[in-house]
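Data first, discussion second: the structure below is written as structure tokens.
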Amino acid sequence: MMVPVEKLVDGLRSIPEEEFTCDNVYQFLAENPVKVDTISPYFFWSEKFYTRNLIYKDARFELMAICWERGQVSRVHNHAEQRCWMMVPVGKLRGQNFRAVETDEEKGFCKLVETDQFDLSDCLAAKVELEEPIHQILNLPEFGERAVSLHIYSKPFDTCLCFCRETDTFKEVPLFYTSINGKLCEGITL
């Protein structure tokens, strides 16, 4: 049964701290696909970049809708050692995981190899494993449509590491919201 986003948030908030684990939250999301019309007020689109739209945030987790135009992809990145779950209620996305095979933090060097990939659509849930946290999300042109993914991060974070496969380098980058609670953030033009 599809649930409104408010019920999804309330359900996540009701999970006790000690039970807010990768598997438990994954199971909760699998059992509670979200009604698309209840998240549509958080949809903002840009031809220039995918948008990060905050729906809910507290000290334990944040929930956001990320809107992807056809062909948009994320950088290869991690989640600052935090847990992440996602589902795709609109369109289809591909996740590509990576493993670091050689790292020199002092030089900002990191050689990555592709590992597994997965496709998400129809509110199927996925989790980013802490053992292999480097990944990329892609709305491939051949999917032929916009997509929206819901992401839950625990704990919230405002920087992450981004990796450049062409130069085998990485650096910490700040993260920004496009909108908060359905309103564009100051200075954002789409």
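In the structure tokens, chains take the letters A, B, ... in the order shown, each chain's residues start at 1, and ligands count up from 1 in the order shown.
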Long-range neighbours of range 78-84 of chain A as a VMD selection string, 12 Å cut-off, only C-alpha atoms, 4 positions minimum in chain: chain A and resid 20 to 26 29 60 to 64 74 96 to 100 125 to 137 150 to 163 170 to 175
Show me a table, sorted first by chain and then by increasing residue number, of the residues of range 59-134 of chain A having an atom at most 7 Å from range 43-54 of chain A, each with its shortest atom pair and the distance in Å to one decimal, counting only C-alpha atoms and written as a tab-separated table.
```
residue	atom	partner	partner_atom	distance
A:Leu63	CA	A:Leu54	CA	6.3
A:Met64	CA	A:Leu54	CA	4.4
A:Ala65	CA	A:Asn53	CA	5.1
A:Ile66	CA	A:Arg52	CA	4.7
A:Cys67	CA	A:Thr51	CA	5.2
A:Trp68	CA	A:Tyr50	CA	4.9
A:Glu69	CA	A:Glu47	CA	6.6
A:Gln72	CA	A:Tyr50	CA	6.5
```
Can I get the selected residues back with N, CA and C atoms, as a tab-separated table (two decimals), in the first residue's frame?
```tsv
chain	number	residue	atom	x	y	z
A	63	LEU	N	15.62	13.47	4.79
A	63	LEU	CA	14.94	12.88	3.64
A	63	LEU	C	14.89	13.93	2.55
A	64	MET	N	15.34	13.57	1.37
A	64	MET	CA	15.26	14.52	0.26
A	64	MET	C	14.80	13.85	-1.02
A	65	ALA	N	14.20	14.67	-1.86
A	65	ALA	CA	13.83	14.25	-3.22
A	65	ALA	C	14.89	14.82	-4.15
A	66	ILE	N	15.50	13.96	-4.94
A	66	ILE	CA	16.48	14.41	-5.92
A	66	ILE	C	15.84	14.23	-7.30
A	67	CYS	N	15.81	15.33	-8.04
A	67	CYS	CA	15.15	15.35	-9.36
A	67	CYS	C	16.21	15.33	-10.45
A	68	TRP	N	16.07	14.38	-11.37
A	68	TRP	CA	17.04	14.12	-12.43
A	68	TRP	C	16.39	14.33	-13.79
A	69	GLU	N	16.90	15.24	-14.57
A	69	GLU	CA	16.52	15.32	-15.98
A	69	GLU	C	17.15	14.15	-16.71
A	72	GLN	N	21.14	13.15	-16.77
A	72	GLN	CA	21.94	13.70	-15.68
A	72	GLN	C	22.51	12.59	-14.81
```
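For the residues A:Asp168, A:Leu124, A:Gly91, A:Pro141, ranking by smallest atom-to-atom distance to Lys107 in chain A using only C-alpha atoms places A:Asp168 first.
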Residue list (strand (DSSP E), DSSP) for range 52-127 of chain A, as a PyMOL selection string: chain A and resi 52-57+62-68+76-77+83-90+92-104+109-121+125-127
Would you output that residue set with N, CA and C atoms, as a compact mmCIF listing (two decimals), in the first residue's frame?
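See result_15.txt below for the written result:
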```
# COMPACT_ATOMS: atom_id res chain seq x y z
N ARG A 52 18.61 18.90 -5.40
CA ARG A 52 18.52 18.27 -4.07
C ARG A 52 17.49 19.03 -3.25
N ASN A 53 16.38 18.40 -2.96
CA ASN A 53 15.23 19.08 -2.36
C ASN A 53 14.89 18.46 -1.01
N LEU A 54 15.18 19.22 0.06
CA LEU A 54 15.00 18.72 1.41
C LEU A 54 13.53 18.66 1.78
N ILE A 55 13.10 17.49 2.23
CA ILE A 55 11.72 17.28 2.68
C ILE A 55 11.65 17.32 4.21
N TYR A 56 12.62 16.66 4.87
CA TYR A 56 12.60 16.57 6.33
C TYR A 56 14.03 16.38 6.82
N LYS A 57 14.33 16.99 7.99
CA LYS A 57 15.66 16.83 8.58
C LYS A 57 15.56 16.98 10.09
N GLU A 62 17.94 12.76 7.40
CA GLU A 62 17.29 13.71 6.49
C GLU A 62 16.71 12.93 5.33
N LEU A 63 15.62 13.47 4.79
CA LEU A 63 14.94 12.88 3.64
C LEU A 63 14.89 13.93 2.55
N MET A 64 15.34 13.57 1.37
CA MET A 64 15.26 14.52 0.26
C MET A 64 14.80 13.85 -1.02
N ALA A 65 14.20 14.67 -1.86
CA ALA A 65 13.83 14.25 -3.22
C ALA A 65 14.89 14.82 -4.15
N ILE A 66 15.50 13.96 -4.94
CA ILE A 66 16.48 14.41 -5.92
C ILE A 66 15.84 14.23 -7.30
N CYS A 67 15.81 15.33 -8.04
CA CYS A 67 15.15 15.35 -9.36
C CYS A 67 16.21 15.33 -10.45
N TRP A 68 16.07 14.38 -11.37
CA TRP A 68 17.04 14.12 -12.43
C TRP A 68 16.39 14.33 -13.79
N VAL A 76 30.97 10.71 -8.98
CA VAL A 76 31.31 9.54 -8.18
C VAL A 76 31.60 10.09 -6.78
N HIS A 77 30.94 9.53 -5.76
CA HIS A 77 31.02 10.12 -4.42
C HIS A 77 30.80 9.09 -3.33
N ARG A 83 25.03 6.30 6.69
CA ARG A 83 24.18 5.32 6.02
C ARG A 83 23.26 6.03 5.03
N CYS A 84 22.90 5.31 3.97
CA CYS A 84 22.03 5.89 2.94
C CYS A 84 21.10 4.81 2.41
N TRP A 85 19.86 5.23 2.20
CA TRP A 85 18.85 4.38 1.55
C TRP A 85 18.20 5.23 0.48
N MET A 86 17.73 4.58 -0.57
CA MET A 86 17.03 5.34 -1.60
C MET A 86 15.95 4.48 -2.24
N MET A 87 14.98 5.18 -2.82
CA MET A 87 13.97 4.52 -3.64
C MET A 87 13.66 5.48 -4.79
N VAL A 88 13.16 4.93 -5.88
CA VAL A 88 12.88 5.73 -7.08
C VAL A 88 11.40 5.59 -7.41
N PRO A 89 10.58 6.58 -6.97
CA PRO A 89 9.15 6.52 -7.25
C PRO A 89 8.76 7.04 -8.64
N VAL A 90 9.69 7.77 -9.30
CA VAL A 90 9.40 8.32 -10.63
C VAL A 90 10.56 7.98 -11.54
N LYS A 92 13.43 5.87 -13.72
CA LYS A 92 14.36 4.77 -13.50
C LYS A 92 15.76 5.35 -13.37
N LEU A 93 16.54 4.82 -12.44
CA LEU A 93 17.93 5.24 -12.26
C LEU A 93 18.83 4.02 -12.18
N ARG A 94 20.09 4.23 -12.51
CA ARG A 94 21.09 3.18 -12.35
C ARG A 94 22.08 3.62 -11.28
N GLY A 95 22.43 2.71 -10.41
CA GLY A 95 23.51 2.93 -9.45
C GLY A 95 24.73 2.14 -9.89
N GLN A 96 25.89 2.77 -9.81
CA GLN A 96 27.15 2.08 -10.13
C GLN A 96 28.04 2.18 -8.90
N ASN A 97 28.42 1.04 -8.34
CA ASN A 97 29.30 1.01 -7.18
C ASN A 97 30.76 0.88 -7.61
N PHE A 98 31.65 1.36 -6.74
CA PHE A 98 33.09 1.32 -6.99
C PHE A 98 33.81 0.84 -5.74
N ARG A 99 34.99 0.29 -5.97
CA ARG A 99 35.88 -0.09 -4.86
C ARG A 99 37.20 0.63 -5.06
N ALA A 100 37.73 1.17 -3.97
CA ALA A 100 39.05 1.81 -4.01
C ALA A 100 40.10 0.70 -3.95
N VAL A 101 40.98 0.64 -4.95
CA VAL A 101 42.01 -0.40 -4.97
C VAL A 101 43.37 0.16 -4.56
N GLU A 102 43.52 1.48 -4.61
CA GLU A 102 44.77 2.12 -4.19
C GLU A 102 44.43 3.54 -3.76
N THR A 103 44.89 3.93 -2.56
CA THR A 103 44.59 5.25 -2.03
C THR A 103 45.81 5.85 -1.38
N ASP A 104 46.04 7.14 -1.65
CA ASP A 104 47.06 7.92 -0.95
C ASP A 104 46.38 9.21 -0.52
N PHE A 109 44.98 10.92 -3.92
CA PHE A 109 44.97 9.93 -5.00
C PHE A 109 44.07 8.76 -4.61
N CYS A 110 43.27 8.30 -5.56
CA CYS A 110 42.44 7.12 -5.32
C CYS A 110 42.11 6.46 -6.65
N LYS A 111 42.57 5.24 -6.81
CA LYS A 111 42.27 4.44 -8.01
C LYS A 111 41.04 3.61 -7.73
N LEU A 112 40.01 3.75 -8.57
CA LEU A 112 38.74 3.05 -8.39
C LEU A 112 38.55 2.00 -9.48
N VAL A 113 37.83 0.95 -9.13
CA VAL A 113 37.36 -0.01 -10.13
C VAL A 113 35.85 -0.17 -9.94
N GLU A 114 35.16 -0.35 -11.05
CA GLU A 114 33.72 -0.58 -10.99
C GLU A 114 33.45 -1.95 -10.39
N THR A 115 32.40 -2.01 -9.57
CA THR A 115 31.98 -3.30 -9.04
C THR A 115 30.58 -3.57 -9.58
N ASP A 116 29.59 -3.71 -8.72
CA ASP A 116 28.26 -4.04 -9.21
C ASP A 116 27.46 -2.78 -9.58
N GLN A 117 26.42 -3.00 -10.37
CA GLN A 117 25.48 -1.93 -10.70
C GLN A 117 24.07 -2.46 -10.51
N PHE A 118 23.15 -1.52 -10.33
CA PHE A 118 21.76 -1.90 -10.08
C PHE A 118 20.86 -0.84 -10.67
N ASP A 119 19.67 -1.25 -11.10
CA ASP A 119 18.66 -0.32 -11.59
C ASP A 119 17.54 -0.23 -10.57
N LEU A 120 17.00 0.97 -10.42
CA LEU A 120 15.92 1.22 -9.49
C LEU A 120 14.77 1.91 -10.19
N SER A 121 13.55 1.45 -9.89
CA SER A 121 12.33 2.08 -10.37
C SER A 121 11.18 1.53 -9.52
N ALA A 125 13.47 -0.24 -3.05
CA ALA A 125 14.42 0.37 -2.13
C ALA A 125 15.81 -0.21 -2.35
N ALA A 126 16.83 0.60 -2.04
CA ALA A 126 18.22 0.17 -2.08
C ALA A 126 18.95 0.82 -0.93
N LYS A 127 20.08 0.24 -0.56
CA LYS A 127 20.90 0.81 0.49
C LYS A 127 22.34 0.89 -0.01
```
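Pairwise distance (CA of Phe176 in chain A, CA of Pro41 in chain A) equals 18.7 Å.
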Test item, alpha helix (DSSP H) assignment across range 14-147 of chain A, answer as a list in words: Ser14, Cys22, Asp23, Asn24, Val25, Tyr26, Gln27, Phe28, Leu29, Ala30, Glu31, Val36, Asp37, Thr38 and Ile39 of chain A
